[in-house]
Structures are given as C-alpha cells and as structure tokens.
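Here is the file model_0.pdb (PDB, C-alpha atoms and all ligand atoms).
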```pdb
ATOM      1  CA  MET U 140       0.000   0.000   0.000
ATOM      2  CA  ARG U 141       2.818   2.346   0.874
ATOM      3  CA  VAL U 142       4.485   1.610  -2.450
ATOM      4  CA  ASP U 143       1.259   2.238  -4.367
ATOM      5  CA  ARG U 144       1.073   5.645  -2.767
ATOM      6  CA  LEU U 145       4.674   6.332  -3.674
ATOM      7  CA  GLU U 146       4.242   5.210  -7.279
ATOM      8  CA  PHE U 147       1.003   7.114  -7.722
ATOM      9  CA  ARG U 148       2.737  10.315  -6.727
ATOM     10  CA  ALA U 149       5.802   9.555  -8.777
ATOM     11  CA  GLY U 150       3.623   9.057 -11.834
ATOM     12  CA  ALA U 151       2.050  12.458 -11.400
ATOM     13  CA  ASP U 152       5.242  14.376 -10.761
ATOM     14  CA  GLN U 153       8.786  13.150 -10.167
ATOM     15  CA  ALA U 154       9.389  15.908  -7.658
ATOM     16  CA  SER U 155       6.585  14.614  -5.451
ATOM     17  CA  LEU U 156       8.049  11.125  -5.138
ATOM     18  CA  ILE U 157       8.724  11.914  -1.495
ATOM     19  CA  PRO U 158       5.715  11.024   0.629
ATOM     20  CA  LEU U 159       6.661  12.800   3.860
ATOM     21  CA  ALA U 160       9.108  15.580   3.193
ATOM     22  CA  GLY U 161      11.211  16.659   6.178
ATOM     23  CA  LYS U 162       9.877  19.670   8.035
ATOM     24  CA  ASP U 163      11.860  22.889   7.544
ATOM     25  CA  PHE U 164      12.856  24.774  10.670
ATOM     26  CA  ARG U 165      15.812  26.780   9.463
ATOM     27  CA  GLY U 166      15.903  30.538   9.740
ATOM     28  CA  GLU U 167      17.595  32.632   7.069
ATOM     29  CA  ALA U 168      20.862  33.046   8.991
ATOM     30  CA  GLN U 169      21.294  29.305   9.384
ATOM     31  CA  MET U 170      20.343  28.687   5.777
ATOM     32  CA  LEU U 171      23.191  30.919   4.613
ATOM     33  CA  SER U 172      25.782  29.396   6.953
ATOM     34  CA  GLY U 173      24.698  25.866   6.079
ATOM     35  CA  ASN U 174      24.642  26.362   2.339
ATOM     36  CA  HIS U 175      28.162  25.086   1.698
ATOM     37  CA  ILE U 176      27.372  21.908   3.655
ATOM     38  CA  SER U 177      24.108  21.157   1.907
ATOM     39  CA  GLN U 178      25.717  21.894  -1.456
ATOM     40  CA  HIS U 179      28.450  19.400  -0.625
ATOM     41  CA  TYR U 180      26.034  16.620   0.370
ATOM     42  CA  GLY U 181      22.805  17.369  -1.452
ATOM     43  CA  SER U 182      21.883  16.901  -5.097
ATOM     44  CA  ALA U 183      18.681  17.100  -7.097
ATOM     45  CA  GLY U 184      16.846  13.841  -7.686
ATOM     46  CA  LEU U 185      18.485  12.001  -4.769
ATOM     47  CA  SER U 186      15.360  10.149  -3.632
ATOM     48  CA  GLN U 187      14.612   9.051  -7.184
ATOM     49  CA  ARG U 188      18.190   7.785  -7.631
ATOM     50  CA  ILE U 189      17.960   5.806  -4.401
ATOM     51  CA  VAL U 190      14.647   4.222  -5.406
ATOM     52  CA  SER U 191      15.960   3.216  -8.821
ATOM     53  CA  ALA U 192      19.197   1.829  -7.304
ATOM     54  CA  LEU U 193      17.122  -0.267  -4.896
ATOM     55  CA  ARG U 194      15.028  -1.592  -7.773
ATOM     56  CA  LYS U 195      18.136  -2.342  -9.866
ATOM     57  CA  ALA U 196      19.626  -4.212  -6.907
ATOM     58  CA  GLY U 197      16.499  -6.407  -6.887
ATOM     59  CA  LYS U 198      15.095  -5.100  -3.603
ATOM     60  CA  SER U 199      11.357  -5.243  -3.144
ATOM     61  CA  LEU U 200      10.062  -1.828  -2.131
ATOM     62  CA  ASP U 201       7.179  -3.568  -0.335
ATOM     63  CA  SER U 202       9.388  -5.265   2.223
ATOM     64  CA  LEU U 203      12.549  -3.208   2.640
ATOM     65  CA  THR U 204      14.553  -3.780   5.800
ATOM     66  CA  VAL U 205      17.110  -1.746   7.717
ATOM     67  CA  GLU U 206      19.711  -4.284   6.515
ATOM     68  CA  ASP U 207      18.721  -3.815   2.837
ATOM     69  CA  LEU U 208      19.389  -0.096   3.096
ATOM     70  CA  ALA U 209      22.599  -0.274   5.127
ATOM     71  CA  PRO U 210      25.051   0.019   2.182
ATOM     72  CA  LEU U 211      23.656   3.447   1.352
ATOM     73  CA  ASP U 212      22.003   4.897   4.438
ATOM     74  CA  GLN U 213      24.721   4.323   7.084
ATOM     75  CA  PHE U 214      26.934   7.253   6.103
ATOM     76  CA  HIS U 215      29.887   6.687   8.411
ATOM     77  CA  THR U 216      32.861   4.392   8.873
ATOM     78  CA  ARG U 217      31.990   0.773   9.770
ATOM     79  CA  GLY U 218      28.386   1.312   8.631
ATOM     80  CA  LEU U 219      25.641  -0.741  10.249
ATOM     81  CA  ALA U 220      28.035  -2.514  12.650
ATOM     82  CA  ALA U 221      29.150   0.834  14.080
ATOM     83  CA  THR U 222      25.551   1.978  14.578
ATOM     84  CA  ARG U 223      24.556  -1.247  16.325
ATOM     85  CA  GLU U 224      27.594  -0.960  18.574
ATOM     86  CA  LEU U 225      26.738   2.645  19.397
ATOM     87  CA  VAL U 226      23.248   1.564  20.529
ATOM     88  CA  GLY U 227      24.825  -0.761  23.091
ATOM     89  CA  PHE U 228      27.651   1.620  23.972
ATOM     90  CA  ALA U 229      25.208   4.470  24.626
ATOM     91  CA  GLY U 230      23.191   2.434  27.145
ATOM     92  CA  VAL U 231      19.851   3.147  25.447
ATOM     93  CA  LYS U 232      16.685   2.068  27.253
ATOM     94  CA  GLU U 233      13.433   1.096  25.556
ATOM     95  CA  GLY U 234      11.000   3.940  25.035
ATOM     96  CA  TRP U 235      13.554   6.740  25.234
ATOM     97  CA  ARG U 236      13.104   9.936  23.241
ATOM     98  CA  ILE U 237      16.213  10.182  21.083
ATOM     99  CA  LEU U 238      17.699  12.948  18.935
ATOM    100  CA  ASP U 239      20.005  12.128  15.994
ATOM    101  CA  VAL U 240      22.022  15.264  15.216
ATOM    102  CA  GLY U 241      23.062  15.291  11.544
ATOM    103  CA  SER U 242      20.805  12.363  10.706
ATOM    104  CA  GLY U 243      21.771  12.095   7.029
ATOM    105  CA  LEU U 244      19.636   9.556   5.183
ATOM    106  CA  GLY U 245      18.177   8.312   8.471
ATOM    107  CA  GLY U 246      19.950   4.939   8.669
ATOM    108  CA  PRO U 247      21.239   5.334  12.250
ATOM    109  CA  ALA U 248      17.876   6.752  13.414
ATOM    110  CA  ARG U 249      16.038   3.704  12.034
ATOM    111  CA  VAL U 250      18.459   1.323  13.779
ATOM    112  CA  PHE U 251      18.055   3.046  17.159
ATOM    113  CA  ALA U 252      14.256   3.213  16.745
ATOM    114  CA  SER U 253      13.763  -0.383  15.623
ATOM    115  CA  ARG U 254      16.208  -2.066  18.024
ATOM    116  CA  MET U 255      15.170  -0.176  21.149
ATOM    117  CA  LYS U 256      11.479   0.637  20.513
ATOM    118  CA  CYS U 257      12.349   4.308  20.795
ATOM    119  CA  HIS U 258      11.144   7.398  18.996
ATOM    120  CA  VAL U 259      13.981   9.061  17.110
ATOM    121  CA  THR U 260      13.927  12.637  15.832
ATOM    122  CA  GLY U 261      16.581  13.458  13.247
ATOM    123  CA  VAL U 262      17.816  16.885  12.198
ATOM    124  CA  ASP U 263      19.941  17.591   9.177
ATOM    125  CA  ILE U 264      20.953  20.687   7.255
ATOM    126  CA  THR U 265      20.763  18.953   3.861
ATOM    127  CA  LYS U 266      17.157  19.119   2.660
ATOM    128  CA  GLU U 267      17.522  16.309   0.120
ATOM    129  CA  PHE U 268      18.785  14.039   2.926
ATOM    130  CA  CYS U 269      15.781  14.861   5.140
ATOM    131  CA  ASP U 270      13.424  14.088   2.266
ATOM    132  CA  ALA U 271      15.192  10.809   1.438
ATOM    133  CA  ALA U 272      15.277   9.876   5.145
ATOM    134  CA  SER U 273      11.492  10.361   5.392
ATOM    135  CA  LEU U 274      10.944   8.305   2.260
ATOM    136  CA  LEU U 275      13.159   5.443   3.467
ATOM    137  CA  SER U 276      11.400   5.392   6.838
ATOM    138  CA  THR U 277       8.078   5.061   5.036
ATOM    139  CA  LEU U 278       9.432   2.246   2.867
ATOM    140  CA  THR U 279      10.700   0.359   5.945
ATOM    141  CA  SER U 280       7.456   1.015   7.880
ATOM    142  CA  LEU U 281       9.402   2.968  10.497
ATOM    143  CA  ASP U 282       7.769   6.309   9.773
ATOM    144  CA  ASP U 283       5.727   6.114  12.973
ATOM    145  CA  VAL U 284       8.884   5.958  15.139
ATOM    146  CA  THR U 285      11.192   8.303  13.221
ATOM    147  CA  GLU U 286      10.823  11.887  12.013
ATOM    148  CA  PHE U 287      13.265  14.137  10.212
ATOM    149  CA  HIS U 288      13.555  17.908  10.398
ATOM    150  CA  HIS U 289      15.455  20.200   8.094
ATOM    151  CA  ALA U 290      17.392  22.236  10.642
ATOM    152  CA  ASP U 291      20.842  23.418  11.679
ATOM    153  CA  ALA U 292      22.453  21.506  14.526
ATOM    154  CA  THR U 293      23.789  24.783  15.948
ATOM    155  CA  ALA U 294      20.214  26.137  16.333
ATOM    156  CA  LEU U 295      18.107  23.117  17.272
ATOM    157  CA  PRO U 296      14.356  23.759  16.920
ATOM    158  CA  PHE U 297      13.469  22.112  20.242
ATOM    159  CA  ASP U 298      12.695  23.264  23.782
ATOM    160  CA  ASP U 299      15.147  22.557  26.592
ATOM    161  CA  ALA U 300      15.392  19.113  28.208
ATOM    162  CA  GLN U 301      13.330  17.233  25.596
ATOM    163  CA  PHE U 302      15.485  14.156  24.987
ATOM    164  CA  ASP U 303      16.822  11.207  27.005
ATOM    165  CA  LEU U 304      19.637  10.617  24.533
ATOM    166  CA  ALA U 305      21.241  12.624  21.754
ATOM    167  CA  PHE U 306      23.667  10.968  19.402
ATOM    168  CA  THR U 307      25.713  12.024  16.423
ATOM    169  CA  MET U 308      27.714  10.038  13.888
ATOM    170  CA  GLN U 309      30.428  11.844  11.924
ATOM    171  CA  VAL U 310      28.888  15.295  11.658
ATOM    172  CA  GLN U 311      30.924  17.852  13.647
ATOM    173  CA  MET U 312      33.830  17.795  11.126
ATOM    174  CA  SER U 313      31.677  20.187   9.030
ATOM    175  CA  ILE U 314      30.774  22.493  11.917
ATOM    176  CA  GLU U 315      33.014  25.442  12.724
ATOM    177  CA  ASP U 316      31.208  26.601  15.864
ATOM    178  CA  LYS U 317      31.842  23.548  18.026
ATOM    179  CA  GLU U 318      30.930  25.294  21.287
ATOM    180  CA  ARG U 319      27.490  26.138  19.976
ATOM    181  CA  PHE U 320      27.035  22.646  18.495
ATOM    182  CA  TYR U 321      27.714  20.925  21.837
ATOM    183  CA  ALA U 322      25.851  23.616  23.814
ATOM    184  CA  GLU U 323      22.706  22.935  21.778
ATOM    185  CA  ILE U 324      22.966  19.195  22.386
ATOM    186  CA  PHE U 325      23.461  19.839  26.124
ATOM    187  CA  ARG U 326      20.465  22.196  26.207
ATOM    188  CA  VAL U 327      17.952  19.771  24.677
ATOM    189  CA  LEU U 328      18.966  16.837  26.912
ATOM    190  CA  ARG U 329      17.120  16.254  30.169
ATOM    191  CA  PRO U 330      19.246  16.287  33.352
ATOM    192  CA  GLY U 331      20.822  12.836  33.519
ATOM    193  CA  GLY U 332      20.450  12.506  29.735
ATOM    194  CA  ARG U 333      23.204  10.978  27.631
ATOM    195  CA  PHE U 334      25.139  12.103  24.588
ATOM    196  CA  ALA U 335      26.792   9.376  22.469
ATOM    197  CA  PHE U 336      28.913   9.843  19.376
ATOM    198  CA  GLN U 337      31.235   8.367  16.802
ATOM    199  CA  ASP U 338      33.413  11.071  15.338
ATOM    200  CA  ILE U 339      36.513  12.025  13.418
ATOM    201  CA  MET U 340      39.139  14.198  15.053
ATOM    202  CA  SER U 341      42.442  15.575  13.790
ATOM    203  CA  GLY U 342      45.500  13.413  14.346
ATOM    204  CA  PRO U 343      49.175  14.177  14.967
ATOM    205  CA  GLY U 344      50.155  13.410  11.338
ATOM    206  CA  GLY U 345      49.388  16.842   9.867
ATOM    207  CA  GLU U 346      46.824  18.260   7.410
ATOM    208  CA  ILE U 347      44.364  15.798   5.881
ATOM    209  CA  VAL U 348      44.564  14.714   2.256
ATOM    210  CA  LEU U 349      41.515  16.016   0.337
ATOM    211  CA  PRO U 350      38.858  15.356  -0.828
ATOM    212  CA  VAL U 351      37.300  13.452   2.068
ATOM    213  CA  PRO U 352      33.628  12.448   2.427
ATOM    214  CA  TRP U 353      32.804  15.632   4.377
ATOM    215  CA  ALA U 354      34.848  18.203   2.425
ATOM    216  CA  THR U 355      36.512  18.908  -0.873
ATOM    217  CA  ARG U 356      38.145  22.136   0.344
ATOM    218  CA  ARG U 357      40.336  22.847   3.336
ATOM    219  CA  ASP U 358      38.139  25.757   4.443
ATOM    220  CA  SER U 359      35.089  23.496   4.865
ATOM    221  CA  SER U 360      36.715  20.936   7.161
ATOM    222  CA  PHE U 361      36.800  21.812  10.856
ATOM    223  CA  LEU U 362      38.674  18.997  12.553
ATOM    224  CA  ILE U 363      39.850  19.486  16.129
ATOM    225  CA  ALA U 364      42.047  17.314  18.332
ATOM    226  CA  LEU U 365      40.595  14.987  20.954
ATOM    227  CA  ASP U 366      41.981  17.149  23.788
ATOM    228  CA  GLU U 367      40.166  20.183  22.368
ATOM    229  CA  LEU U 368      36.936  18.186  22.157
ATOM    230  CA  ARG U 369      37.323  17.021  25.741
ATOM    231  CA  ALA U 370      37.884  20.638  26.866
ATOM    232  CA  ILE U 371      34.771  21.904  25.035
ATOM    233  CA  LEU U 372      32.590  19.134  26.474
ATOM    234  CA  ASN U 373      33.951  19.683  30.006
ATOM    235  CA  LYS U 374      33.436  23.435  29.762
ATOM    236  CA  ARG U 375      29.828  22.882  28.700
ATOM    237  CA  GLY U 376      29.254  20.687  31.762
ATOM    238  CA  PHE U 377      29.232  17.165  30.316
ATOM    239  CA  GLN U 378      30.728  14.380  32.419
ATOM    240  CA  VAL U 379      32.799  11.934  30.411
ATOM    241  CA  GLU U 380      31.566   8.374  30.879
ATOM    242  CA  LYS U 381      33.545   6.702  28.083
ATOM    243  CA  LEU U 382      35.878   7.941  25.368
ATOM    244  CA  ASP U 383      37.586   5.359  23.157
ATOM    245  CA  ASP U 384      40.006   5.642  20.252
ATOM    246  CA  ILE U 385      38.582   3.395  17.500
ATOM    247  CA  SER U 386      41.019   4.369  14.722
ATOM    248  CA  ALA U 387      42.429   0.831  14.356
ATOM    249  CA  GLU U 388      38.956  -0.668  13.766
ATOM    250  CA  ALA U 389      38.161   2.154  11.332
ATOM    251  CA  LEU U 390      41.307   1.482   9.273
ATOM    252  CA  THR U 391      40.740  -2.294   9.197
ATOM    253  CA  TRP U 392      37.191  -1.792   7.936
ATOM    254  CA  ARG U 393      38.193   0.790   5.334
ATOM    255  CA  LYS U 394      40.826  -1.558   3.929
ATOM    256  CA  GLN U 395      38.168  -4.264   3.523
ATOM    257  CA  GLN U 396      35.956  -2.091   1.310
ATOM    258  CA  PRO U 397      35.879  -2.791  -2.469
ATOM    259  CA  VAL U 398      37.462   0.578  -3.275
ATOM    260  CA  ALA U 399      40.603  -0.327  -1.298
ATOM    261  CA  ALA U 400      41.149  -3.272  -3.659
ATOM    262  CA  GLY U 401      40.460  -1.128  -6.732
ATOM    263  CA  LEU U 402      37.105  -2.858  -7.296
ATOM    264  CA  ALA U 403      33.895  -1.204  -8.454
ATOM    265  CA  PRO U 404      31.469  -0.415  -5.626
ATOM    266  CA  SER U 405      28.526  -2.765  -5.083
ATOM    267  CA  PRO U 406      25.286  -1.611  -6.802
ATOM    268  CA  LEU U 407      23.980  -0.098  -3.579
ATOM    269  CA  GLY U 408      26.443   2.302  -2.043
ATOM    270  CA  LEU U 409      27.137   5.868  -1.074
ATOM    271  CA  HIS U 410      28.406   6.648  -4.592
ATOM    272  CA  ILE U 411      24.668   6.901  -5.430
ATOM    273  CA  VAL U 412      24.490   9.770  -2.947
ATOM    274  CA  MET U 413      27.897  11.419  -3.395
ATOM    275  CA  GLY U 414      28.784  10.602  -7.006
ATOM    276  CA  GLU U 415      31.949   9.218  -8.594
ATOM    277  CA  GLN U 416      34.274  11.273  -6.422
ATOM    278  CA  PHE U 417      33.286   9.147  -3.447
ATOM    279  CA  ALA U 418      35.862   6.480  -4.370
ATOM    280  CA  THR U 419      38.691   9.032  -4.128
ATOM    281  CA  MET U 420      37.264  10.359  -0.860
ATOM    282  CA  GLN U 421      37.325   6.842   0.595
ATOM    283  CA  SER U 422      40.882   6.142  -0.578
ATOM    284  CA  ASN U 423      42.040   9.406   0.950
ATOM    285  CA  GLN U 424      40.520   8.408   4.272
ATOM    286  CA  ILE U 425      42.668   5.268   4.232
ATOM    287  CA  THR U 426      45.742   7.467   3.701
ATOM    288  CA  ASN U 427      44.604   9.875   6.410
ATOM    289  CA  LEU U 428      44.176   7.010   8.875
ATOM    290  CA  GLU U 429      47.431   5.289   7.925
ATOM    291  CA  GLN U 430      49.373   8.537   8.282
ATOM    292  CA  HIS U 431      47.606   9.467  11.552
ATOM    293  CA  ARG U 432      46.152  12.623  10.036
ATOM    294  CA  VAL U 433      42.766  11.677  11.531
ATOM    295  CA  THR U 434      41.649   9.832  14.655
ATOM    296  CA  TYR U 435      38.290   8.105  15.143
ATOM    297  CA  VAL U 436      36.673   8.267  18.564
ATOM    298  CA  ARG U 437      33.543   6.983  20.216
ATOM    299  CA  GLY U 438      32.227   8.478  23.423
ATOM    300  CA  VAL U 439      29.394   8.738  25.897
ATOM    301  CA  MET U 440      28.849  11.901  27.974
ATOM    302  CA  ILE U 441      26.304  12.549  30.732
ATOM    303  CA  LYS U 442      24.445  15.775  31.444
ATOM    304  CA  PRO U 443      24.579  15.957  35.267
ATOM    305  CA  MET U 444      21.330  15.824  37.277
TER     306      MET U 444
HETATM  307  C1  LIG U 501      28.813  12.007   6.929
HETATM  308  S1  LIG U 501      27.140  12.436   7.005
HETATM  309  C2  LIG U 501      26.592  11.429   8.384
HETATM  310  C3  LIG U 501      25.110  11.185   8.370
HETATM  311  C4  LIG U 501      24.584  10.265   9.473
HETATM  312  N1  LIG U 501      24.968  10.761  10.779
HETATM  313  C5  LIG U 501      25.096   8.873   9.299
HETATM  314  O1  LIG U 501      26.039   8.484   9.996
HETATM  315  O2  LIG U 501      24.549   8.135   8.452
HETATM  316  C6  LIG U 501      27.204  14.057   7.769
HETATM  317  C7  LIG U 501      25.832  14.698   7.898
HETATM  318  O3  LIG U 501      25.935  15.862   8.726
HETATM  319  C8  LIG U 501      25.031  16.821   8.232
HETATM  320  N2  LIG U 501      25.400  18.138   8.766
HETATM  321  C9  LIG U 501      26.582  18.776   8.633
HETATM  322  N3  LIG U 501      26.542  19.971   9.254
HETATM  323  C10 LIG U 501      25.302  20.081   9.810
HETATM  324  C11 LIG U 501      24.647  21.086  10.587
HETATM  325  N4  LIG U 501      25.242  22.247  10.895
HETATM  326  N5  LIG U 501      23.397  20.849  11.000
HETATM  327  C12 LIG U 501      22.755  19.693  10.688
HETATM  328  N6  LIG U 501      23.328  18.714   9.939
HETATM  329  C13 LIG U 501      24.577  18.905   9.509
HETATM  330  C14 LIG U 501      25.177  16.685   6.735
HETATM  331  O4  LIG U 501      24.117  17.280   6.028
HETATM  332  C15 LIG U 501      25.246  15.180   6.590
HETATM  333  O5  LIG U 501      23.973  14.611   6.469
END
```
With the file now loaded, output its structure as structure tokens.
Amino acid sequence: MRVDRLEFRAGADQASLIPLAGKDFRGEAQMLSGNHISQHYGSAGLSQRIVSALRKAGKSLDSLTVEDLAPLDQFHTRGLAATRELVGFAGVKEGWRILDVGSGLGGPARVFASRMKCHVTGVDITKEFCDAASLLSTLTSLDDVTEFHHADATALPFDDAQFDLAFTMQVQMSIEDKERFYAEIFRVLRPGGRFAFQDIMSGPGGEIVLPVPWATRRDSSFLIALDELRAILNKRGFQVEKLDDISAEALTWRKQQPVAAGLAPSPLGLHIVMGEQFATMQSNQITNLEQHRVTYVRGVMIKPM
C-alpha cells in the first residue's frame, strides 16, 4: 500500500516522489551558513536515484529492511556494525526519546528506533537528505517511530530538556562553531540525559589529504584534536563516561571495502548519494588514517542531574 502511494505520486510528478518531506525549521541566517554543507552533500533527484538503485539491486520496495538499506544509508565508517555498537555503547533504554544530530539519510535513526522501541527525531541541514530519510522510513514502515527535520544543529528547533539521549555520527567535522554545536545538544537533553557519538578528530600526522567524504576544500573541514573536544565538552558541563580511540577498527574496515582493492562499488552504495568522487574520498581516508592525520573516537557523555 505504501508503495502504491509512492508510485502514484511519482507518476504524477517526479518531484513529489517523497511522501513525507522533512519539516523545515531553518531561519535565514542558518540557511546561509549551512549552504556550503548542503551543497556538498545534497543533489537534485536524490530520492529518485535511491529508489531506482534499490530496484536495480532487486530489492522489493514492499518489504525493505534496515539491513537492505545499510550500504547506502549508514553514512559513516563501519556502517551498520558501528551503529549497532553505538546503541549498546550508549546504554539506550526502551521507550527513550532520542535525537540524531546530523541524521543524514536516516539509517542510524532507524536502527536506534527499531532495536530499542524508541522514537527518534533526526535533524539535518541537507534538505535532500531529510526528504530521502522520510521516504526510506516510510518504505521500511518505520515512519511512525522516526521523524526528520530540516534544521541546523547549531540552532536546534526544540525546547530545553526534551530528549533522554542525543547521538551524532560523523557530523561535527563540518561544523566550525563547536561550542554552539555541543551547547545545543546539552540544552535539549534532560538532566541525567546521555550524549553518544562516533566522530573524526584531527590526528598528529598533519593536514588531511583532500577530498574526504565531508569536504573537498580545506576551508570546509573543521577537525579538532581529541583534547580540544574534551575541553569543550567539560566546559559545557558534560561528564565523560567513556571515550575510546577506534582508529584501528576504522582502518581495518576501510581496507576491507571494495574501493581499497580497486574494485567497483557494489550496486547499492554511497556513490549513489555522493557521485563518482566518493571512491577518491574513501581512498584518501585510508591514507589519512594510515598517516595518523585523523583519529576516530567513540564516546558517551552525561548531562549531570
Ligand atoms: C557524513 S554524514 C553522516 C550522516 C549520518 N549521521 C550517518 O552516519 O549516516 C554528515 C551529515 O551531517 C550533516 N550536517 C553537517 N553539518 C550540519 C549542521 N550544521 N546541521 C545539521 N546537519 C549537519 C550533513 O548534512 C550530513 O547529512
């Protein structure tokens, strides 16, 4: 039934393929500051490209699963495995209200929602990603437990103390104003709430090799060192529960990907989202990891009671 609705709309107008477009909360100031990010990630016709890639890969749109989508909707190193691990690492409890900051195509939000019977609200600055995330939640019948808002993470459109958990997976590298980013997350968490993340920090090996998945230009990458991150989080009032370096696991995984062996990507992959340059971006991340130009970390912080 869901697919009929989708196809009916698609037949009338390609642009209305999206059944539940993400809600737009951005003010003009945020729209201007976020433009370079959404231009980097977004592209016209994304939802249509995803639907046709799924069909070409032989997936039935009537019975799509979180696992079916994982090659293209888990936009971070170690994909679905990393998201599942973060669910456990974060200490999520059933029924929690969760915020996914920089929710991308909604893959992590759907994993948290479906594994832990939680409601997950995603925010992302790339409109095409919010629209695709809403579509994919409808196609996986998870649209009642996930919702996606077009908004800037540094100006979250929520009242204080709304969420039990906020999480973010590989987003802050694009955000210059880190203090505001973490202050907003702190603000919307309830006292005792948790903040979990997987993220990329700068390493001791020097400037990164570009392009990388989050930037093609040096002035749109805002990596900081782990010590700087720790200082920002402490200053904001977070208590560190866990903070692990996961660079070795990240490098092992990256070297196992088809691109590392010079092979073509599988039919479903993030090249559908990011285009042909994605292969170079992935190879450069291997170099950046091998030469310690980046560090991957995973952490859990608590907002004190
Ligand atoms: C590498 S993708 C990760 C997406 C998702 N977290 C995942 O792991 O699948 C980075 C995401 O961060 C989003 N983003 C970057 N800066 C943002 C901001 N200021 N506010 C909201 N989203 C932002 C991008 O639009 C993009 O969807």
Selection near region 214-222 of chain U, 7 Å with only C-alpha atoms, sequence-local residues under 2 positions removed, as an MDAnalysis selection string: chainID U and resid 209 211:212 224:226 247 308:309 389 392
Near Gly438 (chain U), counting only C-alpha atoms, which residues have an atom at most 12 Å away, once you skip same-chain residues fewer than 5 positions from it, shown as a PDB file with C-alpha atoms, in the frame of the given file?
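New file selection_11.pdb:
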```pdb
ATOM      1  CA  GLU U 224      27.594  -0.960  18.574  1.00  0.00           C
ATOM      2  CA  LEU U 225      26.738   2.645  19.397  1.00  0.00           C
ATOM      3  CA  VAL U 226      23.248   1.564  20.529  1.00  0.00           C
ATOM      4  CA  GLY U 227      24.825  -0.761  23.091  1.00  0.00           C
ATOM      5  CA  PHE U 228      27.651   1.620  23.972  1.00  0.00           C
ATOM      6  CA  ALA U 229      25.208   4.470  24.626  1.00  0.00           C
ATOM      7  CA  GLY U 230      23.191   2.434  27.145  1.00  0.00           C
ATOM      8  CA  ALA U 305      21.241  12.624  21.754  1.00  0.00           C
ATOM      9  CA  PHE U 306      23.667  10.968  19.402  1.00  0.00           C
ATOM     10  CA  THR U 307      25.713  12.024  16.423  1.00  0.00           C
ATOM     11  CA  MET U 308      27.714  10.038  13.888  1.00  0.00           C
ATOM     12  CA  ARG U 333      23.204  10.978  27.631  1.00  0.00           C
ATOM     13  CA  PHE U 334      25.139  12.103  24.588  1.00  0.00           C
ATOM     14  CA  ALA U 335      26.792   9.376  22.469  1.00  0.00           C
ATOM     15  CA  PHE U 336      28.913   9.843  19.376  1.00  0.00           C
ATOM     16  CA  GLN U 337      31.235   8.367  16.802  1.00  0.00           C
ATOM     17  CA  ASP U 338      33.413  11.071  15.338  1.00  0.00           C
ATOM     18  CA  ILE U 339      36.513  12.025  13.418  1.00  0.00           C
ATOM     19  CA  LEU U 365      40.595  14.987  20.954  1.00  0.00           C
ATOM     20  CA  LEU U 368      36.936  18.186  22.157  1.00  0.00           C
ATOM     21  CA  ARG U 369      37.323  17.021  25.741  1.00  0.00           C
ATOM     22  CA  LEU U 372      32.590  19.134  26.474  1.00  0.00           C
ATOM     23  CA  PHE U 377      29.232  17.165  30.316  1.00  0.00           C
ATOM     24  CA  GLN U 378      30.728  14.380  32.419  1.00  0.00           C
ATOM     25  CA  VAL U 379      32.799  11.934  30.411  1.00  0.00           C
ATOM     26  CA  GLU U 380      31.566   8.374  30.879  1.00  0.00           C
ATOM     27  CA  LYS U 381      33.545   6.702  28.083  1.00  0.00           C
ATOM     28  CA  LEU U 382      35.878   7.941  25.368  1.00  0.00           C
ATOM     29  CA  ASP U 383      37.586   5.359  23.157  1.00  0.00           C
ATOM     30  CA  ASP U 384      40.006   5.642  20.252  1.00  0.00           C
ATOM     31  CA  ILE U 385      38.582   3.395  17.500  1.00  0.00           C
TER      32      ILE U 385
END
```
What are the centre and the three edge lengths of an axis-aligned box that wraps all atoms of ligand LIG 501 (chain U) in the file, given that 8 Å is added to every side, written as JSON and rounded to one decimal in Å?
```
{"center_x": 25.8, "center_y": 15.2, "center_z": 8.5, "size_x": 22.1, "size_y": 30.1, "size_z": 21.0}
```
Hey, which residues sit close to ligand LIG 501 (chain U)? Say within 7 Å, counting only C-alpha atoms and all ligand atoms, and write them as number ranges by chain. U: 173, 176-177, 180, 212-215, 240-247, 262-265, 268, 290-293, 307-311, 313-314, 352-353
Residue nearest Gly376 (chain U) - candidates U:Ala294, U:Leu428, U:Ile441, U:Met340, atoms counted: only C-alpha atoms: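 Among U:Ala294, U:Leu428, U:Ile441, U:Met340, it is U:Ile441 that comes nearest to Gly376 (chain U).
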As a ChimeraX atom specification, please: the residues near Gln430 (chain U) (cut-off 9 Å, only C-alpha atoms, same-chain neighbours under 5 positions excluded). /U:342-345,425
Those same residues, written as a JSON list (two decimals), in the frame of the given file with C-alpha atoms?
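Writing done, so here's result_5.json:
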```
[["chain", "number", "residue", "atom", "x", "y", "z"],
["U", 342, "GLY", "CA", 45.50, 13.41, 14.35],
["U", 343, "PRO", "CA", 49.18, 14.18, 14.97],
["U", 344, "GLY", "CA", 50.16, 13.41, 11.34],
["U", 345, "GLY", "CA", 49.39, 16.84, 9.87],
["U", 425, "ILE", "CA", 42.67, 5.27, 4.23]]
```
Contacts of Glu323 (chain U) at 10 Å (all atoms listed in the file; same-chain gap of 2+ positions) as a PyMOL selection string: chain U and resi 292-297+299+317-321+325-328+375
Using the chain letters and residue numbers of this document, give as a count of residues only the residues selected by the PyMOL selection byres (((chain U and resi 303) around 6) and not hetatm). 6
Atom-to-atom span, CA of Val205 (chain U) and CA of His258 (chain U), Å: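 CA of His258 (chain U) lies at a distance of 15.7 Å from CA of Val205 (chain U).
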I need the residue nearest Gln178 (chain U) from this list: U:Asp316, U:Glu267, U:Asp201, U:Asp207. Use all atoms listed in the file for the distance. U:Glu267
Distance CA of Phe361 (chain U)-CA of Gly331 (chain U), one decimal place?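 For CA of Phe361 (chain U) relative to CA of Gly331 (chain U), the distance reads 29.1 Å.
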Of the listed residues U:Asp366, U:Asp239, U:Glu415, U:Glu233, that which approaches Thr434 (chain U) most closely, counting all atoms listed in the file: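 Closest residue, counting all atoms listed in the file: U:Asp366.
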Report, in Å with one decimal, the straight-line distance from CA of Leu349 (chain U) to CA of Arg432 (chain U).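 According to the coordinates, CA of Leu349 (chain U) and CA of Arg432 (chain U) are separated by 11.3 Å.
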Between U:Ala248, U:Val412, U:Met420, U:Ile237, which has the minimum distance to Ile347 (chain U) (counting all atoms listed in the file)?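 Result for the nearest residue to Ile347 (chain U): U:Met420.
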Looking at U:Ser405, U:Thr204, U:Ser360, U:Thr355, which one is nearest to Leu281 (chain U), with distances taken over all atoms listed in the file?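 The answer is U:Thr204, which sits nearest to Leu281 (chain U).
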For Thr277 (chain U), which residue out of U:Ala370, U:Leu203, U:Ile363, U:Leu402 is the nearest one, using only C-alpha atoms?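 Checking each of U:Ala370, U:Leu203, U:Ile363, U:Leu402 against Thr277 (chain U), counting only C-alpha atoms, the winner is U:Leu203.
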Can you translate the PyMOL selection byres (((chain U and resi 255) around 8) and not hetatm) into the concrete residues it hits in this file, as a list in words?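 Expected selection for the PyMOL selection byres (((chain U and resi 255) around 8) and not hetatm) here is Val231, Lys232, Glu233, Gly234, Phe251, Ala252, Ser253, Arg254, Lys256 and Cys257 of chain U.
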Carefully work through the PyMOL selection byres (((chain U and resi 419) around 9) and not hetatm) for this structure and note down the residues it includes, as an NGL selection string. :U and (349-352 or 398 or 415-418 or 420-424)
